[in-house]
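Source file: input05.cif; contents: mmCIF, C-alpha atoms.
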data_my_file
loop_
_atom_site.label_atom_id
_atom_site.label_comp_id
_atom_site.auth_asym_id
_atom_site.auth_seq_id
_atom_site.Cartn_x
_atom_site.Cartn_y
_atom_site.Cartn_z
CA MET A 1 85.08 121.07 138.56
CA THR A 2 88.66 122.30 138.57
CA ARG A 3 91.69 120.13 139.01
CA ASP A 4 92.41 121.41 142.52
CA ARG A 5 88.88 120.58 143.63
CA LEU A 6 89.19 117.11 142.14
CA ILE A 7 92.50 116.48 143.89
CA GLU A 8 90.98 117.62 147.15
CA LEU A 9 88.02 115.28 146.73
CA ALA A 10 90.19 112.34 145.65
CA LYS A 11 92.42 112.77 148.70
CA GLN A 12 89.34 112.80 150.85
CA PHE A 13 87.88 109.67 149.31
CA PHE A 14 91.11 107.71 148.98
CA PRO A 15 93.40 108.76 151.80
CA GLU A 16 95.72 105.82 151.24
CA ASP A 17 96.47 106.70 147.63
CA GLU A 18 98.87 109.24 146.16
CA VAL A 19 97.15 111.98 144.18
CA ILE A 20 99.67 114.00 142.22
CA PRO A 21 99.06 116.93 139.85
CA ARG A 22 101.10 116.62 136.68
CA LYS A 23 103.10 119.42 135.05
CA LYS A 24 100.57 120.08 132.33
CA PRO A 25 97.44 121.93 133.50
CA GLY A 26 94.39 119.72 133.54
CA GLU A 27 96.33 116.48 134.14
CA LEU A 28 96.64 114.48 137.30
CA GLU A 29 97.81 111.11 138.43
CA ILE A 30 96.50 108.70 141.05
CA ARG A 31 98.83 105.96 142.26
CA THR A 32 96.90 103.19 143.88
CA THR A 33 97.00 99.44 144.34
CA ARG A 34 95.35 96.51 142.63
CA ASP A 35 92.79 96.04 145.38
CA ARG A 36 91.56 99.63 145.26
CA VAL A 37 91.82 100.44 141.57
CA VAL A 38 88.31 99.30 140.70
CA GLY A 39 86.96 101.51 143.45
CA VAL A 40 88.96 104.47 142.25
CA LEU A 41 87.85 104.01 138.67
CA THR A 42 84.23 103.52 139.67
CA TRP A 43 84.36 106.71 141.69
CA LEU A 44 85.97 108.58 138.79
CA GLN A 45 83.37 107.33 136.35
CA ASN A 46 80.24 107.75 138.42
CA GLU A 47 80.97 110.61 140.78
CA ALA A 48 83.72 112.72 139.23
CA GLY A 49 82.40 112.68 135.66
CA PHE A 50 85.24 110.86 133.93
CA ASP A 51 83.16 109.26 131.23
CA HIS A 52 85.85 108.16 128.84
CA LEU A 53 88.45 105.43 129.23
CA MET A 54 91.08 106.29 126.65
CA TYR A 55 93.41 103.36 126.97
CA ILE A 56 95.04 100.89 129.32
CA SER A 57 98.78 100.71 128.86
CA GLY A 58 101.42 98.53 130.42
CA VAL A 59 104.95 99.29 131.51
CA ASP A 60 107.49 96.63 132.38
CA TRP A 61 109.75 97.65 135.25
CA LEU A 62 112.32 94.91 134.99
CA GLU A 63 114.57 96.10 137.84
CA ASP A 64 111.67 96.44 140.26
CA GLY A 65 110.18 93.11 139.25
CA GLU A 66 106.85 94.78 138.64
CA ILE A 67 104.49 95.53 135.78
CA GLU A 68 102.68 98.84 135.87
CA LEU A 69 99.20 99.25 134.45
CA VAL A 70 98.12 102.76 133.54
CA TYR A 71 94.43 103.54 133.08
CA HIS A 72 93.99 106.73 131.09
CA VAL A 73 90.61 108.32 131.76
CA TYR A 74 89.29 111.61 130.45
CA SER A 75 86.43 113.86 131.42
CA TYR A 76 84.70 115.66 128.59
CA ASP A 77 82.71 117.76 131.04
CA HIS A 78 85.61 119.11 133.05
CA LYS A 79 88.31 118.75 130.38
CA LEU A 80 90.47 116.83 132.83
CA TYR A 81 92.81 113.96 132.16
CA CYS A 82 93.65 111.45 134.84
CA MET A 83 96.10 108.58 134.92
CA VAL A 84 95.45 105.80 137.40
CA LYS A 85 98.53 103.70 137.99
CA ILE A 86 98.88 100.36 139.70
CA ARG A 87 101.79 97.98 139.97
CA VAL A 88 101.54 94.20 140.01
CA ASP A 89 104.06 91.49 140.67
CA ARG A 90 105.98 90.47 137.58
CA ASP A 91 106.10 86.75 138.38
CA TYR A 92 102.39 86.43 139.04
CA PRO A 93 100.78 89.43 137.35
CA TRP A 94 97.04 89.76 137.49
CA ALA A 95 94.52 92.55 137.96
CA HIS A 96 90.78 92.90 138.31
CA THR A 97 88.89 93.33 135.07
CA ILE A 98 87.00 96.57 134.53
CA HIS A 99 85.05 95.57 131.44
CA LYS A 100 81.82 96.03 133.42
CA LEU A 101 82.68 99.69 133.93
CA TRP A 102 83.68 100.39 130.33
CA ALA A 103 82.81 97.66 127.85
CA HIS A 104 85.65 98.62 125.56
CA ALA A 105 88.14 97.84 128.29
CA GLN A 106 87.80 94.20 127.27
CA PRO A 107 90.05 94.33 124.16
CA TYR A 108 92.50 96.61 126.00
CA GLU A 109 92.85 94.00 128.70
CA GLN A 110 93.11 91.31 126.07
CA GLU A 111 96.00 93.20 124.52
CA ILE A 112 97.74 93.71 127.87
CA HIS A 113 97.39 89.99 128.50
CA GLU A 114 98.85 89.27 125.11
CA PHE A 115 101.84 91.58 125.27
CA PHE A 116 102.67 91.64 128.98
CA GLY A 117 101.21 88.41 130.29
CA VAL A 118 98.98 90.17 132.81
CA TYR A 119 95.97 88.02 133.57
CA PHE A 120 92.48 89.43 134.12
CA PRO A 121 90.25 86.85 135.79
CA GLY A 122 86.68 87.35 134.61
CA ASN A 123 87.54 88.84 131.25
CA PRO A 124 85.39 86.90 128.78
CA ASP A 125 87.97 86.58 126.00
CA LEU A 126 91.72 86.44 126.52
CA SER A 127 92.66 84.72 123.28
CA HIS A 128 95.26 86.10 120.89
CA LEU A 129 94.10 89.30 119.26
CA ILE A 130 97.14 90.65 117.41
CA LEU A 131 99.77 87.96 117.74
CA PRO A 132 99.43 84.85 115.58
CA PRO A 133 97.32 82.11 117.18
CA GLU A 134 100.27 79.69 117.24
CA TRP A 135 102.31 82.09 119.40
CA SER A 136 103.65 80.20 122.41
CA GLU A 137 106.58 82.42 123.41
CA ALA A 138 106.99 84.85 126.25
CA PRO A 139 104.87 88.01 125.98
CA PRO A 140 106.86 90.05 123.46
CA LEU A 141 106.74 93.48 125.08
CA ARG A 142 108.37 92.30 128.27
CA LYS A 143 111.87 93.64 128.61
CA ASP A 144 113.47 90.22 128.95
CA PHE A 145 112.04 88.99 125.65
CA ASP A 146 114.81 89.19 123.06
CA PRO A 147 113.28 89.98 119.66
CA LEU A 148 116.65 89.81 117.90
CA GLU A 149 117.33 86.28 119.11
CA TYR A 150 113.81 85.22 118.21
CA SER A 151 114.08 86.74 114.75
CA MET A 152 117.46 85.14 114.08
CA LYS A 153 116.34 81.72 115.23
CA LEU A 154 113.06 81.65 113.36
CA TYR A 155 113.55 83.77 110.26
CA GLU A 156 117.29 83.39 109.60
CA PRO A 157 118.18 79.77 110.31
CA GLU A 158 121.84 78.80 110.02
CA TRP A 159 121.37 76.67 106.94
CA PHE A 160 119.77 79.56 105.11
CA LYS A 161 122.45 82.03 106.11
CA SER A 162 125.12 79.79 104.63
CA THR A 163 123.20 79.63 101.36
CA ASP A 164 121.86 83.14 101.18
CA THR A 165 122.77 83.41 97.51
CA PHE A 166 120.37 80.56 96.79
CA ALA A 167 117.53 82.71 95.59
CA SER A 168 119.65 84.98 93.44
CA ILE A 169 121.55 82.08 91.89
CA ALA A 170 118.42 80.09 91.30
CA ASN A 171 116.91 83.14 89.67
CA ARG A 172 119.79 83.49 87.24
CA LEU A 173 120.61 79.91 86.51
CA ARG A 174 118.34 77.33 84.99
CA GLY A 175 118.61 73.72 84.16
CA GLU A 176 121.09 71.34 85.77
CA GLU A 177 123.04 74.00 87.63
CA ALA A 178 119.96 75.28 89.46
CA GLU A 179 118.81 71.71 90.04
CA ARG A 180 122.14 70.89 91.66
CA ILE A 181 122.02 73.94 93.93
CA ILE A 182 118.43 73.39 94.98
CA ARG A 183 119.22 69.74 95.65
CA SER A 184 122.19 70.70 97.83
CA VAL A 185 120.06 73.17 99.78
CA LEU A 186 117.37 70.55 100.25
CA ASN A 187 119.90 68.02 101.48
CA GLU A 188 121.46 70.55 103.78
CA SER A 189 118.11 71.52 105.26
CA ALA A 190 117.18 67.87 105.66
CA ARG A 191 120.45 67.23 107.46
CA LEU A 192 119.93 70.14 109.83
CA HIS A 193 116.34 69.19 110.44
CA GLY A 194 117.47 65.70 111.37
CA ASP A 195 115.60 63.98 108.55
CA ALA A 196 117.02 61.40 106.23
CA PRO A 197 118.65 63.04 103.20
CA GLU A 198 116.56 62.88 100.09
CA LYS A 199 117.45 60.43 97.41
CA ASP A 200 118.80 61.71 94.15
CA GLY A 201 116.34 61.54 91.33
CA GLU A 202 113.34 61.82 93.61
CA GLY A 203 110.93 64.50 92.56
CA GLU A 204 112.94 65.55 89.60
CA ALA A 205 110.94 67.11 86.85
CA MET B 1 101.25 55.76 77.42
CA ASP B 2 99.44 58.76 78.80
CA GLU B 3 102.55 59.96 80.49
CA ILE B 4 104.62 59.91 77.37
CA TYR B 5 101.95 61.77 75.50
CA ILE B 6 101.72 64.48 78.15
CA THR B 7 105.48 64.87 78.38
CA ASN B 8 105.75 65.15 74.63
CA LEU B 9 103.02 67.75 74.52
CA GLU B 10 104.71 69.70 77.26
CA LYS B 11 108.01 69.67 75.44
CA GLU B 12 106.37 70.53 72.17
CA ARG B 13 104.57 73.43 73.70
CA GLU B 14 107.66 74.73 75.41
CA SER B 15 109.77 74.62 72.33
CA MET B 16 107.25 75.98 69.87
CA PHE B 17 104.85 78.34 71.55
CA GLU B 18 106.54 79.37 74.77
CA GLY B 19 108.37 82.28 73.19
CA LEU B 20 105.24 83.54 71.53
CA LEU B 21 103.16 83.06 74.68
CA ASN B 22 105.76 84.82 76.79
CA TYR B 23 105.67 87.75 74.42
CA PHE B 24 101.94 88.14 75.04
CA ARG B 25 102.22 87.43 78.73
CA LYS B 26 104.76 90.14 79.35
CA ARG B 27 102.66 92.71 77.49
CA SER B 28 99.45 92.22 79.46
CA MET B 29 99.88 91.85 83.17
CA TRP B 30 97.15 92.27 85.72
CA MET B 31 98.66 93.28 88.98
CA LEU B 32 97.44 92.49 92.46
CA TYR B 33 99.18 94.52 95.11
CA TYR B 34 99.25 93.25 98.63
CA CYS B 35 99.59 96.47 100.58
CA THR B 36 101.11 95.20 103.77
CA GLY B 37 103.60 97.96 104.40
CA CYS B 38 104.56 101.41 103.31
CA GLY B 39 105.22 100.47 99.67
CA ALA B 40 101.66 100.98 98.58
CA ILE B 41 102.17 104.74 98.69
CA GLU B 42 104.50 104.52 95.69
CA LEU B 43 101.96 102.79 93.50
CA PRO B 44 99.43 105.58 92.86
CA PRO B 45 102.08 107.86 91.26
CA THR B 46 103.32 104.88 89.27
CA MET B 47 99.83 104.12 88.04
CA THR B 48 98.58 107.61 87.35
CA SER B 49 99.33 109.98 84.53
CA ARG B 50 102.87 111.07 85.31
CA PHE B 51 104.57 107.68 85.13
CA ASP B 52 101.62 105.85 83.61
CA MET B 53 102.20 102.17 84.21
CA GLU B 54 99.51 101.24 81.75
CA ARG B 55 101.68 102.06 78.74
CA PHE B 56 103.56 98.86 79.62
CA GLY B 57 100.33 96.94 79.79
CA ILE B 58 100.22 96.68 83.57
CA GLY B 59 96.94 97.39 85.26
CA PRO B 60 95.45 96.87 88.70
CA MET B 61 93.24 93.88 89.43
CA ALA B 62 90.97 93.28 92.38
CA THR B 63 91.12 89.52 92.92
CA PRO B 64 93.96 87.02 92.98
CA ARG B 65 92.23 84.58 90.65
CA GLN B 66 92.35 87.01 87.76
CA ALA B 67 95.78 88.48 88.45
CA ASP B 68 99.15 87.52 86.96
CA LEU B 69 101.39 89.58 89.15
CA LEU B 70 101.45 89.71 92.93
CA LEU B 71 103.22 92.65 94.49
CA ILE B 72 104.34 92.37 98.09
CA THR B 73 104.72 96.01 98.95
CA GLY B 74 106.63 96.17 102.18
CA TYR B 75 107.19 94.17 105.32
CA LEU B 76 105.35 90.95 105.91
CA SER B 77 104.40 89.65 109.31
CA GLN B 78 103.84 86.01 110.11
CA LYS B 79 100.12 86.52 110.06
CA THR B 80 100.01 88.28 106.70
CA LEU B 81 102.41 85.76 105.17
CA LYS B 82 99.74 83.13 105.69
CA ARG B 83 97.31 85.24 103.66
CA VAL B 84 99.92 85.94 101.01
CA ILE B 85 100.53 82.23 100.51
CA ARG B 86 96.81 81.71 100.25
CA SER B 87 96.47 84.45 97.64
CA TYR B 88 99.49 83.21 95.72
CA GLU B 89 98.18 79.67 95.57
CA GLN B 90 94.83 80.92 94.29
CA MET B 91 96.39 82.67 91.32
CA GLN B 92 96.30 81.08 87.91
CA GLU B 93 99.53 80.03 86.24
CA PRO B 94 101.70 81.55 84.98
CA LYS B 95 102.01 83.86 87.95
CA TYR B 96 104.76 86.16 89.05
CA LEU B 97 105.61 87.44 92.49
CA VAL B 98 107.56 90.63 93.04
CA GLY B 99 109.17 91.55 96.33
CA PHE B 100 108.88 95.30 96.56
CA GLY B 101 111.28 97.22 98.79
CA SER B 102 113.94 96.02 101.18
CA CYS B 103 111.74 94.23 103.67
CA PRO B 104 110.74 91.18 101.59
CA ILE B 105 114.40 90.76 100.56
CA ASN B 106 116.10 90.59 103.95
CA GLY B 107 113.83 92.15 106.52
CA GLY B 108 114.90 95.74 105.88
CA ILE B 109 114.76 97.91 108.97
CA TYR B 110 112.56 95.28 110.61
CA TRP B 111 115.22 92.57 110.39
CA ASP B 112 115.31 92.19 114.19
CA ALA B 113 111.58 92.51 114.83
CA TYR B 114 109.76 89.50 116.15
CA PRO B 115 106.64 89.54 113.94
CA VAL B 116 108.30 90.38 110.60
CA ILE B 117 109.75 87.65 108.41
CA ASN B 118 113.17 88.28 106.92
CA HIS B 119 113.39 86.30 103.70
CA LEU B 120 110.29 86.06 101.58
CA GLU B 121 111.90 83.61 99.17
CA MET B 122 112.04 81.00 101.91
CA TYR B 123 108.27 80.66 101.82
CA VAL B 124 107.16 81.59 98.30
CA PRO B 125 109.21 81.86 95.12
CA VAL B 126 110.14 85.43 94.27
CA ASP B 127 110.60 86.20 90.58
CA MET B 128 112.02 89.64 90.96
CA THR B 129 112.84 92.09 93.71
CA ILE B 130 112.99 95.86 93.64
CA ALA B 131 115.42 97.15 96.24
CA GLY B 132 114.89 100.44 98.00
CA CYS B 133 113.21 101.83 101.03
CA MET B 134 110.92 102.69 99.35
CA PRO B 135 111.74 102.41 95.63
CA ARG B 136 110.76 105.46 93.64
CA PRO B 137 108.31 105.11 90.73
CA GLN B 138 111.24 105.15 88.30
CA ALA B 139 112.76 102.18 90.11
CA VAL B 140 109.40 100.42 90.10
CA LEU B 141 109.02 100.87 86.35
CA ASP B 142 112.61 99.77 85.81
CA GLY B 143 111.90 96.67 87.85
CA PHE B 144 108.79 95.90 85.87
CA GLN B 145 110.66 96.21 82.60
CA ARG B 146 113.29 93.84 83.93
CA LEU B 147 110.54 91.45 84.90
CA MET B 148 109.19 91.67 81.37
CA ASP B 149 112.64 90.74 80.06
CA TYR B 150 112.74 87.80 82.46
CA ILE B 151 109.35 86.66 81.27
CA GLN B 152 110.42 86.87 77.64
CA GLN B 153 113.57 84.88 78.38
CA GLY B 154 111.61 82.34 80.41
CA LYS B 155 113.54 83.12 83.60
CA ALA B 156 110.52 84.23 85.61
CA ASP B 157 109.32 80.75 86.42
CA GLY B 158 108.68 80.99 90.12
CA TRP B 159 105.37 79.16 89.76
CA ARG B 160 107.21 76.21 88.25
CA ARG B 161 109.86 76.28 90.96
CA TYR B 162 107.09 76.38 93.55
CA LYS B 163 105.56 73.20 92.16
CA GLU B 164 108.85 71.40 91.75
CA ASN B 165 110.24 72.30 95.17
CA TYR B 166 106.96 72.36 97.04
CA GLU B 167 108.31 70.19 99.89
CA TRP B 168 111.06 72.70 100.57
CA TYR B 169 108.69 75.66 100.63
CA LYS B 170 106.11 73.77 102.63
CA ARG B 171 108.66 72.78 105.21
CA ASN B 172 109.75 76.39 105.66
CA GLN B 173 106.13 77.50 105.92
CA ASP B 174 105.39 74.82 108.49
CA GLU B 175 108.31 76.00 110.57
CA LEU B 176 106.29 79.16 111.14
CA PHE B 177 102.71 77.98 111.13
CA ALA B 178 102.80 74.41 112.42
CA ARG B 179 105.44 74.63 115.10
CA THR B 180 104.51 73.14 118.43
CA GLU B 181 107.52 74.15 120.55
CA PRO B 182 108.41 77.73 121.43
CA VAL B 183 111.48 79.17 119.72
CA LEU B 184 112.88 80.71 122.89
CA LYS B 185 112.91 78.51 125.94
CA GLY B 186 112.39 79.46 129.52
CA TRP B 187 108.89 80.91 129.56
CA LYS B 188 106.07 79.31 131.44
CA ASP B 189 102.72 81.05 131.60
CA PRO B 190 101.40 80.82 135.18
CA PHE B 191 97.89 81.45 133.85
CA ALA B 192 97.92 78.92 131.04
CA HIS B 193 94.92 77.05 132.45
CA MET B 194 92.85 80.28 132.72
CA PRO B 195 92.10 80.14 136.45
CA SER B 196 89.12 81.81 138.06
CA LEU B 197 89.38 84.76 140.43
CA GLU B 198 89.18 82.51 143.49
CA GLU B 199 92.01 80.31 142.24
CA VAL B 200 94.13 83.33 141.40
CA MET B 201 93.61 84.85 144.84
CA ALA B 202 94.37 81.54 146.57
CA GLU B 203 97.58 81.22 144.56
CA GLU B 204 98.47 84.82 145.40
CA GLU B 205 98.01 84.07 149.11
CA ARG B 206 100.12 80.93 148.78
CA ARG B 207 102.92 82.88 147.10
CA LYS B 208 102.82 85.63 149.73
CA GLY B 209 102.93 83.05 152.50
CA GLY B 210 105.85 81.32 150.85
CA ALA B 211 107.76 84.58 150.61
CA ARG B 212 107.35 85.26 154.30
#

Would you mind writing the file out in structure tokens?
Amino acid sequence: MTRDRLIELAKQFFPEDEVIPRKKPGELEIRTTRDRVVGVLTWLQNEAGFDHLMYISGVDWLEDGEIELVYHVYSYDHKLYCMVKIRVDRDYPWAHTIHKLWAHAQPYEQEIHEFFGVYFPGNPDLSHLILPPEWSEAPPLRKDFDPLEYSMKLYEPEWFKSTDTFASIANRLRGEEAERIIRSVLNESARLHGDAPEKDGEGEA
Amino acid sequence: MDEIYITNLEKERESMFEGLLNYFRKRSMWMLYYCTGCGAIELPPTMTSRFDMERFGIGPMATPRQADLLLITGYLSQKTLKRVIRSYEQMQEPKYLVGFGSCPINGGIYWDAYPVINHLEMYVPVDMTIAGCMPRPQAVLDGFQRLMDYIQQGKADGWRRYKENYEWYKRNQDELFARTEPVLKGWKDPFAHMPSLEEVMAEEERRKGGAR
């Protein structure tokens, strides 16, 4: 099957969807909606010979208030590559799971859920796959997540910035001098954490 | 009585044998390299015949329990830091930890990335760092020789600092691993309770109706 024949067929089957040939030969794009995407993918898999789901990727369109999901499917028989695109609402993003069509879509959907917050009802496992299990922030690949602010707050706290020579000094100095510096850092951190300052002499070696 | 005895023994040992022990320690180091980032690519040339790390008595080791030297070669994410701490605590004393490259020092080019920690010495004691992105084998060997000097002089005592200031390190570690509140406010997951398809569709209808 050639690309033109496939486009013709797809237009026939899905008159409401946009079927667009891409610049590169052998590539096409189908823009559809959330309600019809499972139908489109089922048709591609079973009728049109697209046996391989390469990946599901997400795109955050912040200005439009939408998240785009792109299903990349490939046909080894016809050497054709097809992108199926849908857009979902950014405030309440969800899409139908396709892990019954391709079993390996399950971790892809898990990843999309992790990094874009798109929910797939029916997916058996949507726990954290790549992010740490204690992650409770916004999905990090959304455009309004500020990685710099997060990094500065968590990994470079104010009290450490003011004492950034701590490690180098403590490496060079030993004895009472280092003890005094470490003690001051401890007290400072305790003050900023809102704990009671530690008593002198406690825990001294 | 026991306490006094132990303290005396400790002092005795430090004054008499520490220098001698340090001399042997610095000359036979088993190295465990934690290949988290790109730094691991510099180690094979350092180990093999051209630069030949083994002439300084440094050799690779497979497990943390038998290693003296832990190399953190490259950036560390929150998740790997947990494993690094675990490996470090398994090692026998005396143990030395080397931050390798820019990333363990101050985050390097990943200083503004959300998964990568910026200062390794906040969580585990670092005995020596080798700056560079990545350091060449010459720099690595230079760093190791400096570490050997530190060991001889008794300055590489990160394991002792870790024991003495454990509360401080533990508190910093807990800030990452035991935090209950999100760092950035203002995010609420609408699917936190994992609703079923029917619930999701009902909520979708409700939202559409509200918009109209």

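Distances from B:Gln138, B:Asn118, B:Thr129, B:Gln152 to chain A were compared using all atoms listed in the file, and the smallest one belongs to B:Asn118.
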
Matched chain/residue IDs from the PyMOL selection byres ((chain B and resi 191-200) around 10), as a PDB file with C-alpha atoms, in the coordinates of the input:
ATOM      1  CA  TYR A  92     102.390  86.430 139.040  1.00  0.00           C
ATOM      2  CA  PRO A  93     100.780  89.430 137.350  1.00  0.00           C
ATOM      3  CA  TRP A  94      97.040  89.760 137.490  1.00  0.00           C
ATOM      4  CA  ALA A  95      94.520  92.550 137.960  1.00  0.00           C
ATOM      5  CA  HIS A  96      90.780  92.900 138.310  1.00  0.00           C
ATOM      6  CA  GLY A 117     101.210  88.410 130.290  1.00  0.00           C
ATOM      7  CA  VAL A 118      98.980  90.170 132.810  1.00  0.00           C
ATOM      8  CA  TYR A 119      95.970  88.020 133.570  1.00  0.00           C
ATOM      9  CA  PHE A 120      92.480  89.430 134.120  1.00  0.00           C
ATOM     10  CA  PRO A 121      90.250  86.850 135.790  1.00  0.00           C
ATOM     11  CA  GLY A 122      86.680  87.350 134.610  1.00  0.00           C
ATOM     12  CA  ASN A 123      87.540  88.840 131.250  1.00  0.00           C
ATOM     13  CA  LEU A 126      91.720  86.440 126.520  1.00  0.00           C
TER      14      LEU A 126
ATOM     15  CA  LYS B 188     106.070  79.310 131.440  1.00  0.00           C
ATOM     16  CA  ASP B 189     102.720  81.050 131.600  1.00  0.00           C
ATOM     17  CA  PRO B 190     101.400  80.820 135.180  1.00  0.00           C
ATOM     18  CA  MET B 201      93.610  84.850 144.840  1.00  0.00           C
ATOM     19  CA  ALA B 202      94.370  81.540 146.570  1.00  0.00           C
ATOM     20  CA  GLU B 203      97.580  81.220 144.560  1.00  0.00           C
ATOM     21  CA  GLU B 204      98.470  84.820 145.400  1.00  0.00           C
ATOM     22  CA  GLU B 205      98.010  84.070 149.110  1.00  0.00           C
ATOM     23  CA  ARG B 206     100.120  80.930 148.780  1.00  0.00           C
TER      24      ARG B 206
END

Tell me the residues of chain B close to chain A, meaning within 6 Å using only C-alpha atoms, as a count of residues only.
-> 10

So which residues touch Glu27 of chain A within 10 Å, counting only C-alpha atoms, skipping near sequence neighbours fewer than 4 positions away, as a ChimeraX atom specification?
-> /A:3,20-23,74,79-83

Please identify all polymer residues within 10 Å of Asp17 of chain A, counting only C-alpha atoms, omitting same-chain residues fewer than 5 positions from it, and present them as a PyMOL selection string.
-> chain A and resi 10-12+30-33+36-37+40

Nearby residues (only C-alpha atoms) at most 10 Å from Ala156 of chain B, same-chain spacing under 4 positions excluded, as a ChimeraX atom specification = /A:171-172 /B:94-97,125-128,147-152,160-161

Picked residues, the PyMOL selection byres ((chain B and resi 31) around 9), expected as a tab-separated table (two decimals) with C-alpha atoms, keeping the file's coordinate frame:
chain	number	residue	atom	x	y	z
B	29	MET	CA	99.88	91.85	83.17
B	30	TRP	CA	97.15	92.27	85.72
B	32	LEU	CA	97.44	92.49	92.46
B	33	TYR	CA	99.18	94.52	95.11
B	58	ILE	CA	100.22	96.68	83.57
B	59	GLY	CA	96.94	97.39	85.26
B	60	PRO	CA	95.45	96.87	88.70
B	61	MET	CA	93.24	93.88	89.43
B	62	ALA	CA	90.97	93.28	92.38
B	64	PRO	CA	93.96	87.02	92.98
B	66	GLN	CA	92.35	87.01	87.76
B	67	ALA	CA	95.78	88.48	88.45
B	68	ASP	CA	99.15	87.52	86.96
B	69	LEU	CA	101.39	89.58	89.15
B	70	LEU	CA	101.45	89.71	92.93
B	71	LEU	CA	103.22	92.65	94.49

Could you give me the centre and size, in Å to one decimal, of an axis-aligned box around all listed atoms of segment 44-53 of chain A with 8 Å added on every side, as lines of an AutoDock Vina configuration file?
center_x = 84.3
center_y = 109.1
center_z = 134.8
size_x = 24.2
size_y = 23.3
size_z = 27.9
